[in-house]
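Data block for query_17.cif (mmCIF, C-alpha atoms):
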```
data_model
loop_
_atom_site.label_atom_id
_atom_site.label_comp_id
_atom_site.auth_asym_id
_atom_site.auth_seq_id
_atom_site.Cartn_x
_atom_site.Cartn_y
_atom_site.Cartn_z
CA MET A 636 -84.35 152.31 -19.71
CA ALA A 637 -87.80 151.58 -21.02
CA LYS A 638 -88.94 152.06 -24.58
CA VAL A 639 -91.85 154.49 -24.61
CA LEU A 640 -94.50 153.44 -27.12
CA VAL A 641 -97.58 155.55 -27.77
CA VAL A 642 -100.70 153.89 -29.15
CA THR A 643 -102.48 156.63 -31.04
CA SER A 644 -104.83 157.23 -33.98
CA GLY A 645 -106.52 160.61 -34.15
CA LYS A 646 -109.88 159.04 -34.83
CA GLY A 647 -111.87 157.55 -31.98
CA GLY A 648 -113.23 154.03 -31.76
CA VAL A 649 -110.57 152.40 -33.92
CA GLY A 650 -109.18 150.15 -31.18
CA LYS A 651 -106.43 152.02 -29.33
CA THR A 652 -107.37 150.74 -25.90
CA THR A 653 -107.90 147.17 -27.10
CA THR A 654 -104.53 147.37 -28.83
CA THR A 655 -102.74 148.81 -25.80
CA ALA A 656 -104.10 145.99 -23.62
CA ALA A 657 -103.40 143.25 -26.15
CA LEU A 658 -99.91 144.42 -27.13
CA GLY A 659 -99.02 145.08 -23.48
CA ALA A 660 -100.14 141.60 -22.50
CA ALA A 661 -98.41 140.01 -25.50
CA LEU A 662 -95.11 141.73 -24.66
CA ALA A 663 -95.49 140.66 -21.02
CA GLN A 664 -96.28 137.10 -22.11
CA GLY A 665 -93.01 137.29 -24.02
CA GLY A 666 -91.17 138.01 -20.75
CA GLN A 667 -90.93 141.80 -20.94
CA ASN A 668 -91.69 144.09 -18.01
CA VAL A 669 -94.56 146.24 -19.22
CA VAL A 670 -96.62 149.11 -17.87
CA VAL A 671 -99.68 150.35 -19.74
CA VAL A 672 -100.60 153.97 -19.00
CA ASP A 673 -104.06 155.40 -19.64
CA PHE A 674 -103.87 159.01 -20.87
CA ASP A 675 -107.60 159.35 -21.50
CA VAL A 676 -108.26 161.56 -18.48
CA GLY A 677 -111.97 161.87 -17.71
CA LEU A 678 -112.91 158.98 -19.98
CA ARG A 679 -110.71 156.17 -18.78
CA ASN A 680 -111.34 152.71 -20.15
CA LEU A 681 -108.05 150.85 -20.13
CA ASP A 682 -108.76 149.72 -16.55
CA LEU A 683 -112.01 148.18 -17.77
CA VAL A 684 -110.44 146.39 -20.73
CA MET A 685 -107.68 145.09 -18.43
CA GLY A 686 -110.26 143.94 -15.86
CA ALA A 687 -108.80 146.11 -13.10
CA GLU A 688 -111.64 148.63 -12.78
CA ARG A 689 -112.58 147.57 -9.27
CA ARG A 690 -109.07 147.98 -7.94
CA VAL A 691 -108.25 151.55 -8.95
CA VAL A 692 -107.21 153.58 -5.91
CA PHE A 693 -104.92 156.29 -7.26
CA ASP A 694 -104.34 157.45 -10.81
CA LEU A 695 -101.95 159.26 -13.14
CA ILE A 696 -103.23 162.70 -12.09
CA ASN A 697 -102.71 161.87 -8.40
CA VAL A 698 -99.11 160.94 -9.22
CA VAL A 699 -98.53 164.01 -11.40
CA GLN A 700 -99.88 166.25 -8.62
CA GLY A 701 -97.92 164.49 -5.89
CA VAL A 702 -101.00 163.19 -4.02
CA ALA A 703 -99.81 159.61 -4.45
CA LYS A 704 -96.48 157.95 -5.06
CA LEU A 705 -96.05 156.03 -8.27
CA PRO A 706 -95.86 152.56 -6.61
CA GLN A 707 -99.19 153.25 -4.90
CA ALA A 708 -100.92 154.03 -8.16
CA LEU A 709 -99.54 151.11 -10.17
CA ILE A 710 -101.89 148.12 -10.36
CA ARG A 711 -100.38 144.72 -10.99
CA ASP A 712 -102.23 142.48 -13.42
CA LYS A 713 -103.81 139.48 -11.72
CA ARG A 714 -102.75 137.09 -14.50
CA LEU A 715 -99.27 138.32 -15.44
CA GLU A 716 -96.93 139.50 -12.71
CA ASN A 717 -94.78 141.53 -15.10
CA LEU A 718 -97.73 143.55 -16.44
CA TRP A 719 -98.81 146.74 -14.69
CA LEU A 720 -101.45 149.41 -15.21
CA LEU A 721 -101.34 153.11 -14.41
CA PRO A 722 -104.95 154.23 -14.71
CA ALA A 723 -106.25 157.65 -15.75
CA SER A 724 -108.46 159.75 -13.54
CA GLN A 725 -112.17 159.47 -14.20
CA THR A 726 -113.22 162.66 -12.46
CA ARG A 727 -110.62 165.19 -13.52
CA ASP A 728 -110.14 166.66 -16.96
CA LYS A 729 -107.16 166.61 -19.23
CA ASP A 730 -105.99 170.07 -18.16
CA ALA A 731 -104.78 168.45 -14.94
CA LEU A 732 -101.97 166.87 -16.98
CA THR A 733 -98.86 168.91 -17.56
CA ASP A 734 -95.95 168.30 -19.90
CA GLU A 735 -93.51 168.50 -17.00
CA GLY A 736 -95.62 166.18 -14.81
CA VAL A 737 -95.92 163.55 -17.54
CA GLY A 738 -92.18 163.78 -18.13
CA ARG A 739 -91.51 163.11 -14.46
CA VAL A 740 -93.79 160.07 -14.38
CA ILE A 741 -92.23 158.61 -17.54
CA ALA A 742 -88.74 159.19 -16.13
CA GLU A 743 -89.71 157.43 -12.90
CA LEU A 744 -91.26 154.47 -14.72
CA SER A 745 -88.37 154.13 -17.14
CA PRO A 746 -85.80 152.28 -15.01
CA ARG A 747 -88.41 149.79 -13.74
CA PHE A 748 -89.78 148.62 -17.08
CA ASP A 749 -88.78 147.46 -20.54
CA TRP A 750 -91.86 149.00 -22.16
CA ILE A 751 -94.11 151.92 -21.30
CA LEU A 752 -97.25 151.77 -23.44
CA CYS A 753 -99.18 155.05 -23.53
CA ASP A 754 -102.83 154.69 -24.47
CA SER A 755 -103.68 157.99 -26.15
CA PRO A 756 -107.10 159.62 -26.11
CA ALA A 757 -108.74 160.28 -29.48
CA GLY A 758 -108.33 163.68 -31.07
CA ILE A 759 -105.36 165.97 -31.48
CA GLU A 760 -105.80 168.02 -28.31
CA ARG A 761 -103.70 168.24 -25.18
CA GLY A 762 -104.33 164.67 -23.98
CA ALA A 763 -103.20 163.18 -27.27
CA THR A 764 -100.15 165.43 -27.62
CA LEU A 765 -99.07 164.65 -24.04
CA ALA A 766 -99.50 160.92 -24.61
CA MET A 767 -97.08 161.07 -27.56
CA ARG A 768 -94.80 163.73 -26.08
CA TYR A 769 -92.06 161.40 -24.76
CA ALA A 770 -92.53 158.53 -27.21
CA ASP A 771 -89.63 156.66 -28.79
CA GLU A 772 -91.99 154.66 -30.97
CA ALA A 773 -95.59 154.96 -32.06
CA VAL A 774 -98.25 152.49 -33.11
CA ILE A 775 -100.82 154.27 -35.25
CA VAL A 776 -104.03 152.28 -35.07
CA THR A 777 -106.12 152.64 -38.17
CA ASN A 778 -109.17 151.01 -39.70
CA PRO A 779 -109.39 150.29 -43.41
CA GLU A 780 -111.54 153.28 -44.25
CA VAL A 781 -110.83 156.76 -45.61
CA SER A 782 -111.57 158.89 -42.53
CA SER A 783 -109.35 156.75 -40.35
CA VAL A 784 -106.46 156.84 -42.82
CA ARG A 785 -106.74 160.62 -43.16
CA ASP A 786 -106.62 161.08 -39.37
CA SER A 787 -103.64 158.72 -39.15
CA ASP A 788 -101.81 160.90 -41.66
CA ARG A 789 -102.47 163.92 -39.47
CA ILE A 790 -101.19 162.11 -36.39
CA ILE A 791 -98.01 161.07 -38.18
CA GLY A 792 -97.42 164.75 -38.93
CA MET A 793 -97.75 165.52 -35.22
CA LEU A 794 -95.38 162.70 -34.24
CA ASP A 795 -92.83 164.32 -36.57
CA SER A 796 -93.22 167.78 -35.03
CA LYS A 797 -94.63 167.81 -31.50
CA THR A 798 -92.63 165.10 -29.74
CA VAL A 799 -89.47 165.60 -27.71
CA LYS A 800 -87.64 163.35 -30.18
CA ALA A 801 -88.77 165.44 -33.14
CA GLU A 802 -87.70 168.64 -31.40
CA LYS A 803 -84.24 167.14 -30.90
CA GLY A 804 -84.07 166.38 -34.60
CA GLU A 805 -84.57 162.64 -34.09
CA ARG A 806 -87.38 160.52 -35.44
CA VAL A 807 -90.08 158.66 -33.58
CA LYS A 808 -90.19 155.14 -35.01
CA LYS A 809 -93.67 154.64 -36.41
CA HIS A 810 -95.73 151.54 -37.10
CA ILE A 811 -99.17 151.22 -38.65
CA LEU A 812 -101.53 148.67 -37.15
CA ILE A 813 -104.70 147.92 -39.04
CA THR A 814 -107.53 146.76 -36.80
CA ARG A 815 -111.05 145.59 -37.58
CA TYR A 816 -109.73 144.21 -40.82
CA ASP A 817 -112.41 142.52 -42.84
CA ALA A 818 -111.12 140.65 -45.86
CA MET A 819 -114.38 141.36 -47.64
CA ARG A 820 -113.74 145.10 -47.66
CA ALA A 821 -110.00 145.11 -47.77
CA ALA A 822 -108.08 148.33 -48.23
CA ARG A 823 -104.43 147.84 -47.43
CA GLY A 824 -102.14 150.10 -45.47
CA GLU A 825 -99.82 150.97 -48.32
CA MET A 826 -101.66 154.26 -48.60
CA LEU A 827 -99.43 155.50 -45.82
CA THR A 828 -95.68 155.30 -46.25
CA THR A 829 -95.17 153.84 -42.81
CA PRO A 830 -94.23 150.24 -42.11
CA LEU A 831 -97.06 147.93 -41.18
CA LEU A 832 -96.90 146.38 -37.70
CA GLY A 833 -99.79 144.04 -38.16
CA ILE A 834 -103.31 143.44 -39.39
CA ILE A 835 -105.86 142.57 -36.74
CA PRO A 836 -108.94 140.90 -38.18
CA GLU A 837 -112.41 141.98 -37.16
CA SER A 838 -113.56 139.44 -34.61
CA GLN A 839 -116.10 138.78 -31.90
CA ASP A 840 -113.20 137.61 -29.73
CA VAL A 841 -112.15 141.23 -29.22
CA LEU A 842 -115.59 142.15 -27.89
CA LYS A 843 -115.72 139.08 -25.67
CA ALA A 844 -112.30 139.87 -24.21
CA SER A 845 -113.39 143.44 -23.37
CA ASN A 846 -116.59 142.14 -21.84
CA VAL A 847 -114.73 139.99 -19.35
CA GLY A 848 -111.89 142.46 -18.84
CA SER A 849 -109.02 140.45 -20.23
CA PRO A 850 -106.63 141.41 -23.05
CA VAL A 851 -107.51 139.30 -26.07
CA THR A 852 -104.06 137.66 -26.11
CA LEU A 853 -104.82 136.30 -22.65
CA ASN A 854 -108.52 135.67 -22.97
CA ASN A 855 -108.33 133.54 -26.08
CA ALA A 856 -104.75 133.01 -27.16
CA ASP A 857 -105.75 130.85 -30.12
CA SER A 858 -108.11 133.38 -31.62
CA ALA A 859 -107.21 135.15 -34.86
CA PRO A 860 -106.89 138.64 -33.30
CA ALA A 861 -104.74 137.28 -30.44
CA ARG A 862 -102.34 135.62 -32.87
CA ALA A 863 -102.19 138.84 -34.91
CA TYR A 864 -101.36 140.87 -31.78
CA VAL A 865 -98.68 138.40 -30.71
CA ASP A 866 -97.12 138.69 -34.18
CA ALA A 867 -97.24 142.49 -33.86
CA SER A 868 -95.52 142.34 -30.45
CA ARG A 869 -92.80 140.13 -31.91
CA ARG A 870 -92.26 142.67 -34.70
CA LEU A 871 -91.94 145.36 -32.03
CA MET A 872 -89.19 143.21 -30.51
CA GLY A 873 -87.40 143.29 -33.85
CA GLU A 874 -88.40 139.95 -35.36
CA GLU A 875 -89.18 139.82 -39.04
CA LEU A 876 -92.35 137.90 -39.72
CA ALA A 877 -94.32 137.51 -42.92
CA MET A 878 -97.45 139.62 -42.90
CA VAL A 879 -100.37 137.26 -42.92
CA VAL A 880 -103.84 137.95 -41.62
CA PRO A 881 -104.74 135.16 -39.21
CA VAL A 882 -108.10 133.54 -39.83
CA GLU A 883 -110.51 131.96 -37.40
CA ARG A 884 -109.82 128.32 -36.75
CA LYS A 885 -113.12 126.56 -36.82
CA GLY A 886 -113.47 123.66 -34.46
CA PHE A 887 -114.86 120.28 -35.41
CA MET A 888 -118.17 120.95 -33.65
CA ASP A 889 -118.47 124.34 -35.31
CA ARG A 890 -117.96 122.82 -38.70
CA LEU A 891 -120.32 119.99 -37.97
CA LEU A 892 -123.03 122.40 -36.97
CA GLY A 893 -122.15 124.89 -39.69
CA ARG A 894 -121.72 127.50 -37.03
CA ARG A 895 -120.30 130.92 -37.67
CA ALA A 896 -117.30 131.78 -35.60
CA ALA A 897 -119.00 134.09 -33.15
CA MET B 453 -112.63 123.35 -16.88
CA SER B 454 -116.35 123.68 -16.31
CA MET B 455 -116.33 126.78 -18.53
CA LYS B 456 -114.71 124.76 -21.28
CA LEU B 457 -117.32 122.04 -20.86
CA LEU B 458 -120.10 124.58 -21.03
CA ARG B 459 -118.62 125.93 -24.23
CA LEU B 460 -118.37 122.44 -25.64
CA PHE B 461 -121.99 121.78 -24.92
CA GLY B 462 -123.27 124.45 -27.14
CA SER B 463 -123.54 127.45 -24.87
CA ARG B 464 -122.55 130.34 -27.12
CA ASP B 465 -121.24 133.62 -25.85
CA THR B 466 -121.16 133.88 -22.07
CA SER B 467 -119.29 137.17 -21.99
CA ALA B 468 -122.29 139.50 -22.31
CA PRO B 469 -123.70 138.81 -18.81
CA VAL B 470 -120.21 139.26 -17.38
CA ALA B 471 -119.94 142.64 -19.09
CA ARG B 472 -123.38 143.58 -17.78
CA GLU B 473 -122.49 142.77 -14.20
CA ARG B 474 -119.11 144.51 -14.36
CA LEU B 475 -120.69 147.66 -15.76
CA GLN B 476 -123.48 147.64 -13.15
CA ILE B 477 -120.96 147.62 -10.33
CA LEU B 478 -118.68 150.18 -11.97
CA LEU B 479 -121.42 152.63 -12.94
CA ALA B 480 -123.11 152.43 -9.53
CA HIS B 481 -119.82 153.51 -7.96
CA GLU B 482 -119.08 156.18 -10.55
CA ARG B 483 -122.53 157.76 -10.42
CA GLY B 484 -122.20 157.99 -6.65
CA LEU B 485 -118.77 159.48 -7.15
CA LEU B 486 -119.98 162.40 -9.22
CA GLY B 487 -122.75 163.42 -6.81
CA GLN B 488 -120.98 163.06 -3.47
CA PRO B 489 -117.51 162.31 -2.21
CA ASP B 490 -116.53 158.68 -2.60
CA LEU B 491 -116.92 157.00 0.80
CA LEU B 492 -113.91 154.74 0.28
CA VAL B 493 -111.67 157.61 -0.73
CA MET B 494 -112.87 159.58 2.32
CA LEU B 495 -112.20 156.63 4.61
CA ARG B 496 -108.76 156.16 3.14
CA GLU B 497 -107.82 159.79 3.68
CA GLU B 498 -109.19 159.99 7.20
CA ILE B 499 -107.56 156.73 8.27
CA LEU B 500 -104.21 157.92 6.97
CA ALA B 501 -104.68 161.32 8.65
CA VAL B 502 -105.37 159.68 12.04
CA VAL B 503 -102.42 157.33 11.74
CA SER B 504 -100.07 160.10 10.71
CA LYS B 505 -100.95 162.00 13.90
CA HIS B 506 -99.10 159.31 15.82
CA VAL B 507 -96.58 157.94 13.37
CA THR B 508 -94.63 159.62 10.64
CA LEU B 509 -95.88 157.80 7.59
CA ASP B 510 -93.47 156.78 4.92
CA PRO B 511 -95.60 157.01 1.77
CA ASP B 512 -93.65 154.10 0.29
CA LYS B 513 -94.63 151.87 3.22
CA VAL B 514 -98.37 152.45 2.88
CA ILE B 515 -100.25 150.12 0.59
CA VAL B 516 -103.90 150.75 -0.12
CA ARG B 517 -105.90 148.10 -1.91
CA LEU B 518 -109.44 148.43 -3.02
CA ASP B 519 -111.94 145.99 -4.42
CA ARG B 520 -115.30 147.33 -5.40
CA GLY B 521 -117.94 144.64 -5.29
CA LYS B 522 -121.64 144.54 -6.02
CA ASN B 523 -122.83 144.30 -2.42
CA VAL B 524 -119.63 144.75 -0.46
CA SER B 525 -116.43 146.66 -1.20
CA THR B 526 -113.21 146.18 0.67
CA LEU B 527 -110.64 148.80 1.54
CA GLU B 528 -107.37 147.34 2.71
CA VAL B 529 -104.90 149.76 4.27
CA ASP B 530 -101.54 148.18 4.98
CA ILE B 531 -99.25 150.46 6.95
CA GLU B 532 -95.76 149.39 7.87
CA VAL B 533 -94.84 150.91 11.24
CA PRO B 534 -91.20 150.72 12.32
CA ASN B 535 -90.65 149.46 15.87
CA ASP B 536 -89.01 152.69 16.98
CA PHE B 537 -92.10 154.50 15.91
CA GLU B 538 -92.13 157.63 18.07
CA LYS B 539 -92.97 160.51 15.88
CA SER B 540 -90.20 162.72 17.24
CA LYS B 541 -87.47 160.23 16.39
CA ALA B 542 -88.74 159.77 12.89
CA ALA B 543 -88.98 163.51 12.46
CA GLU B 544 -85.44 163.96 13.72
CA ARG B 545 -84.14 161.40 11.31
CA ARG B 546 -85.93 163.13 8.49
CA MET B 547 -84.47 166.50 9.44
CA ALA B 548 -80.99 165.04 9.69
CA GLY B 549 -81.33 163.13 6.41
#
```

Now that the file is in, can you turn its structure into structure tokens?
Amino acid sequence: MAKVLVVTSGKGGVGKTTTTAALGAALAQGGQNVVVVDFDVGLRNLDLVMGAERRVVFDLINVVQGVAKLPQALIRDKRLENLWLLPASQTRDKDALTDEGVGRVIAELSPRFDWILCDSPAGIERGATLAMRYADEAVIVTNPEVSSVRDSDRIIGMLDSKTVKAEKGERVKKHILITRYDAMRAARGEMLTTPLLGIIPESQDVLKASNVGSPVTLNNADSAPARAYVDASRRLMGEELAMVVPVERKGFMDRLLGRRAA
Amino acid sequence: MSMKLLRLFGSRDTSAPVARERLQILLAHERGLLGQPDLLVMLREEILAVVSKHVTLDPDKVIVRLDRGKNVSTLEVDIEVPNDFEKSKAAERRMAG
């Protein structure tokens, strides 16, 4: 039985898709069988960040509507054989998703994987509520700024009321992940009374990884954000690690030339 | 290896041109997709329809792979056909099962 983990935030542009790809890859690098599922119907991007955009044949909606079987829609990562992608539809809209249909897909994925990572769309509408609907755990991605923290608080409220777990009187295990952390304008996550999963520093490596379509933990494993994501994945696996914000390691040439890490 | 060498010799970020090329290919396909039916999707459906006239297709035994390229795209349709492939037999089995 897989653990269902939703990567959510409320606010857009905070790094949900980057985080889904990086955490998914980091868990897979750690030997886990992982599927990352894009719930952003109509505005899919996880395929692009995973570098699988040219290989999408069928999608989540096709599976929900019975047009395609699940194995036909799953795309295996070219770098890690235990990492799979279930893309969203680009042409349909979120109303094509149903609670019952999503439940069926999750139930069918569950025996095949250790982790099902659901990449939520921004907002608090149908797409976002369906992405969290069957979650056992949630990673709330937030940036160190007031609007992002406020939206995270709202999302935590929804995780405690609108999920299947919440309706059964159980709790969805929640983790805060701070992305785009810049030590110069630090505002720590203690504002929210939810345990911190990790702090991902602002870095050009994240942009570069998206550009080439490779999760940052694969594209540049030594980079500060990659190390932070690997730490976060190990915390998800139950390890206790000290919370440190990785910093860029400057190479000899960089130092010699006084180059910025860019 | 050559990429690492390039990096060593002072070339800075090489990811932007890669992103540009990937987006060009993707957007060309997606813009076409919104205006008219996607040729590859049409081909896929018609090929499967023709094959299923003669053989009962087991959806689990059909693998469709797609690779959208800049100048050429490939559609790979891999259909496993059992040796006793007469449609009637397969249909009978299905009814019985």

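Between atom CA of Gly650 of chain A and atom CA of Val841 of chain A the separation is 9.6 Å.
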
Long-range neighbours of segment 686-700 of chain A as a CSV table (one decimal) with C-alpha atoms, in the coordinates of the input, 6 Å cut-off, all atoms listed in the file, 5 positions minimum in chain:
```csv
chain,number,residue,atom,x,y,z
A,705,LEU,CA,-96.0,156.0,-8.3
A,708,ALA,CA,-100.9,154.0,-8.2
A,722,PRO,CA,-105.0,154.2,-14.7
A,723,ALA,CA,-106.2,157.6,-15.8
A,724,SER,CA,-108.5,159.8,-13.5
A,736,GLY,CA,-95.6,166.2,-14.8
A,848,GLY,CA,-111.9,142.5,-18.8
A,849,SER,CA,-109.0,140.4,-20.2
B,518,LEU,CA,-109.4,148.4,-3.0
B,519,ASP,CA,-111.9,146.0,-4.4
B,520,ARG,CA,-115.3,147.3,-5.4
```

Proximity to Leu715 of chain A - best of A:Ile813, A:Ala763, A:Leu662, A:Ala770, all atoms listed in the file: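 Once distances to Leu715 of chain A are computed over all atoms listed in the file, the minimum belongs to A:Leu662.
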
Go through chain A residue by residue and, counting all atoms listed in the file, keep those with an atom at most 12 Å from chain B; for each kept residue give the shortest atom pair and its distance in Å to one decimal, ordered by chain and increasing number, as JSON lines.
```
{"residue": "A:Gly677", "atom": "CA", "partner": "B:Glu482", "partner_atom": "CA", "distance": 11.6}
{"residue": "A:Leu678", "atom": "CA", "partner": "B:Glu482", "partner_atom": "CA", "distance": 11.6}
{"residue": "A:Arg679", "atom": "CA", "partner": "B:Glu482", "partner_atom": "CA", "distance": 11.7}
{"residue": "A:Asn680", "atom": "CA", "partner": "B:Leu478", "partner_atom": "CA", "distance": 11.3}
{"residue": "A:Asp682", "atom": "CA", "partner": "B:Leu478", "partner_atom": "CA", "distance": 10.9}
{"residue": "A:Leu683", "atom": "CA", "partner": "B:Arg474", "partner_atom": "CA", "distance": 8.7}
{"residue": "A:Val684", "atom": "CA", "partner": "B:Ala471", "partner_atom": "CA", "distance": 10.3}
{"residue": "A:Gly686", "atom": "CA", "partner": "B:Arg474", "partner_atom": "CA", "distance": 9.0}
{"residue": "A:Ala687", "atom": "CA", "partner": "B:Asp519", "partner_atom": "CA", "distance": 9.2}
{"residue": "A:Glu688", "atom": "CA", "partner": "B:Leu478", "partner_atom": "CA", "distance": 7.3}
{"residue": "A:Arg689", "atom": "CA", "partner": "B:Arg520", "partner_atom": "CA", "distance": 4.7}
{"residue": "A:Arg690", "atom": "CA", "partner": "B:Leu518", "partner_atom": "CA", "distance": 5.0}
{"residue": "A:Val691", "atom": "CA", "partner": "B:Leu518", "partner_atom": "CA", "distance": 6.8}
{"residue": "A:Val692", "atom": "CA", "partner": "B:Leu518", "partner_atom": "CA", "distance": 6.3}
{"residue": "A:Phe693", "atom": "CA", "partner": "B:Val516", "partner_atom": "CA", "distance": 9.1}
{"residue": "A:Gly701", "atom": "CA", "partner": "B:Pro511", "partner_atom": "CA", "distance": 11.0}
{"residue": "A:Val702", "atom": "CA", "partner": "B:Pro511", "partner_atom": "CA", "distance": 10.0}
{"residue": "A:Ala703", "atom": "CA", "partner": "B:Pro511", "partner_atom": "CA", "distance": 7.9}
{"residue": "A:Lys704", "atom": "CA", "partner": "B:Pro511", "partner_atom": "CA", "distance": 7.0}
{"residue": "A:Leu705", "atom": "CA", "partner": "B:Asp512", "partner_atom": "CA", "distance": 9.1}
{"residue": "A:Pro706", "atom": "CA", "partner": "B:Asp512", "partner_atom": "CA", "distance": 7.4}
{"residue": "A:Gln707", "atom": "CA", "partner": "B:Ile515", "partner_atom": "CA", "distance": 6.4}
{"residue": "A:Ala708", "atom": "CA", "partner": "B:Val516", "partner_atom": "CA", "distance": 9.2}
{"residue": "A:Leu709", "atom": "CA", "partner": "B:Ile515", "partner_atom": "CA", "distance": 10.8}
{"residue": "A:Ile710", "atom": "CA", "partner": "B:Arg517", "partner_atom": "CA", "distance": 9.4}
{"residue": "A:Arg711", "atom": "CA", "partner": "B:Arg517", "partner_atom": "CA", "distance": 11.2}
{"residue": "A:Ser724", "atom": "CA", "partner": "B:Glu482", "partner_atom": "CA", "distance": 11.6}
{"residue": "A:Gln725", "atom": "CA", "partner": "B:Glu482", "partner_atom": "CA", "distance": 8.5}
{"residue": "A:Thr726", "atom": "CA", "partner": "B:Leu486", "partner_atom": "CA", "distance": 7.5}
{"residue": "A:Arg727", "atom": "CA", "partner": "B:Leu486", "partner_atom": "CA", "distance": 10.7}
{"residue": "A:Gln839", "atom": "CA", "partner": "B:Asp465", "partner_atom": "CA", "distance": 9.5}
{"residue": "A:Asp840", "atom": "CA", "partner": "B:Asp465", "partner_atom": "CA", "distance": 9.8}
{"residue": "A:Val841", "atom": "CA", "partner": "B:Ser467", "partner_atom": "CA", "distance": 10.9}
{"residue": "A:Leu842", "atom": "CA", "partner": "B:Ser467", "partner_atom": "CA", "distance": 8.6}
{"residue": "A:Lys843", "atom": "CA", "partner": "B:Ser467", "partner_atom": "CA", "distance": 5.5}
{"residue": "A:Ala844", "atom": "CA", "partner": "B:Ser467", "partner_atom": "CA", "distance": 7.8}
{"residue": "A:Ser845", "atom": "CA", "partner": "B:Ala471", "partner_atom": "CA", "distance": 7.9}
{"residue": "A:Asn846", "atom": "CA", "partner": "B:Ala471", "partner_atom": "CA", "distance": 4.4}
{"residue": "A:Val847", "atom": "CA", "partner": "B:Ala471", "partner_atom": "CA", "distance": 5.9}
{"residue": "A:Gly848", "atom": "CA", "partner": "B:Ala471", "partner_atom": "CA", "distance": 8.1}
{"residue": "A:Ser849", "atom": "CA", "partner": "B:Ser467", "partner_atom": "CA", "distance": 10.9}
{"residue": "A:Asn854", "atom": "CA", "partner": "B:Ser467", "partner_atom": "CA", "distance": 10.9}
{"residue": "A:Asn855", "atom": "CA", "partner": "B:Lys456", "partner_atom": "CA", "distance": 11.9}
{"residue": "A:Gly886", "atom": "CA", "partner": "B:Leu460", "partner_atom": "CA", "distance": 10.2}
{"residue": "A:Phe887", "atom": "CA", "partner": "B:Leu460", "partner_atom": "CA", "distance": 10.6}
{"residue": "A:Met888", "atom": "CA", "partner": "B:Leu460", "partner_atom": "CA", "distance": 8.1}
{"residue": "A:Asp889", "atom": "CA", "partner": "B:Gly462", "partner_atom": "CA", "distance": 9.5}
{"residue": "A:Leu892", "atom": "CA", "partner": "B:Gly462", "partner_atom": "CA", "distance": 10.0}
{"residue": "A:Arg894", "atom": "CA", "partner": "B:Arg464", "partner_atom": "CA", "distance": 10.3}
{"residue": "A:Arg895", "atom": "CA", "partner": "B:Arg464", "partner_atom": "CA", "distance": 10.8}
{"residue": "A:Ala896", "atom": "CA", "partner": "B:Arg464", "partner_atom": "CA", "distance": 10.1}
{"residue": "A:Ala897", "atom": "CA", "partner": "B:Asp465", "partner_atom": "CA", "distance": 7.7}
```

Residue with smallest distance to Gly833 of chain A - pool A:Ile790, A:Val670, A:Ala801, A:Ile775, counting all atoms listed in the file: A:Ile775

Spatial neighbours of Glu772 of chain A, max dist 7 Å, all atoms listed in the file, sep filter under 6 positions, as a PyMOL selection string: chain A and resi 639-641+807-809

Selection under test: the PyMOL selection byres ((chain A and resi 769) around 12); residues as a PyMOL selection string: chain A and resi 637-641+734-742+745+751-753+763-768+770-773+794+797-803+806-807

Could those residues be written to a file, using C-alpha atoms, as a short mmCIF file (atom, residue, chain, number, x, y, z; two decimals), in the frame of the given file?
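Full text of result-v3.cif as output:
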```cif
data_model
loop_
_atom_site.label_atom_id
_atom_site.label_comp_id
_atom_site.auth_asym_id
_atom_site.auth_seq_id
_atom_site.Cartn_x
_atom_site.Cartn_y
_atom_site.Cartn_z
CA ALA A 637 -87.80 151.58 -21.02
CA LYS A 638 -88.94 152.06 -24.58
CA VAL A 639 -91.85 154.49 -24.61
CA LEU A 640 -94.50 153.44 -27.12
CA VAL A 641 -97.58 155.55 -27.77
CA ASP A 734 -95.95 168.30 -19.90
CA GLU A 735 -93.51 168.50 -17.00
CA GLY A 736 -95.62 166.18 -14.81
CA VAL A 737 -95.92 163.55 -17.54
CA GLY A 738 -92.18 163.78 -18.13
CA ARG A 739 -91.51 163.11 -14.46
CA VAL A 740 -93.79 160.07 -14.38
CA ILE A 741 -92.23 158.61 -17.54
CA ALA A 742 -88.74 159.19 -16.13
CA SER A 745 -88.37 154.13 -17.14
CA ILE A 751 -94.11 151.92 -21.30
CA LEU A 752 -97.25 151.77 -23.44
CA CYS A 753 -99.18 155.05 -23.53
CA ALA A 763 -103.20 163.18 -27.27
CA THR A 764 -100.15 165.43 -27.62
CA LEU A 765 -99.07 164.65 -24.04
CA ALA A 766 -99.50 160.92 -24.61
CA MET A 767 -97.08 161.07 -27.56
CA ARG A 768 -94.80 163.73 -26.08
CA ALA A 770 -92.53 158.53 -27.21
CA ASP A 771 -89.63 156.66 -28.79
CA GLU A 772 -91.99 154.66 -30.97
CA ALA A 773 -95.59 154.96 -32.06
CA LEU A 794 -95.38 162.70 -34.24
CA LYS A 797 -94.63 167.81 -31.50
CA THR A 798 -92.63 165.10 -29.74
CA VAL A 799 -89.47 165.60 -27.71
CA LYS A 800 -87.64 163.35 -30.18
CA ALA A 801 -88.77 165.44 -33.14
CA GLU A 802 -87.70 168.64 -31.40
CA LYS A 803 -84.24 167.14 -30.90
CA ARG A 806 -87.38 160.52 -35.44
CA VAL A 807 -90.08 158.66 -33.58
#
```

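The result of the PyMOL selection byres ((chain A and resi 830) around 8) on the shown file is Lys809, His810, Ile811, Thr828, Thr829, Leu831 and Leu832 of chain A.
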
Keeping only C-alpha atoms, write the selected residues as an mmCIF file, in the frame of the given file.
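File written: result.cif
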```cif
data_model
loop_
_atom_site.group_PDB
_atom_site.id
_atom_site.type_symbol
_atom_site.label_atom_id
_atom_site.label_comp_id
_atom_site.auth_asym_id
_atom_site.auth_seq_id
_atom_site.Cartn_x
_atom_site.Cartn_y
_atom_site.Cartn_z
ATOM 1 C CA LYS A 809 -93.670 154.640 -36.410
ATOM 2 C CA HIS A 810 -95.730 151.540 -37.100
ATOM 3 C CA ILE A 811 -99.170 151.220 -38.650
ATOM 4 C CA THR A 828 -95.680 155.300 -46.250
ATOM 5 C CA THR A 829 -95.170 153.840 -42.810
ATOM 6 C CA LEU A 831 -97.060 147.930 -41.180
ATOM 7 C CA LEU A 832 -96.900 146.380 -37.700
#
```
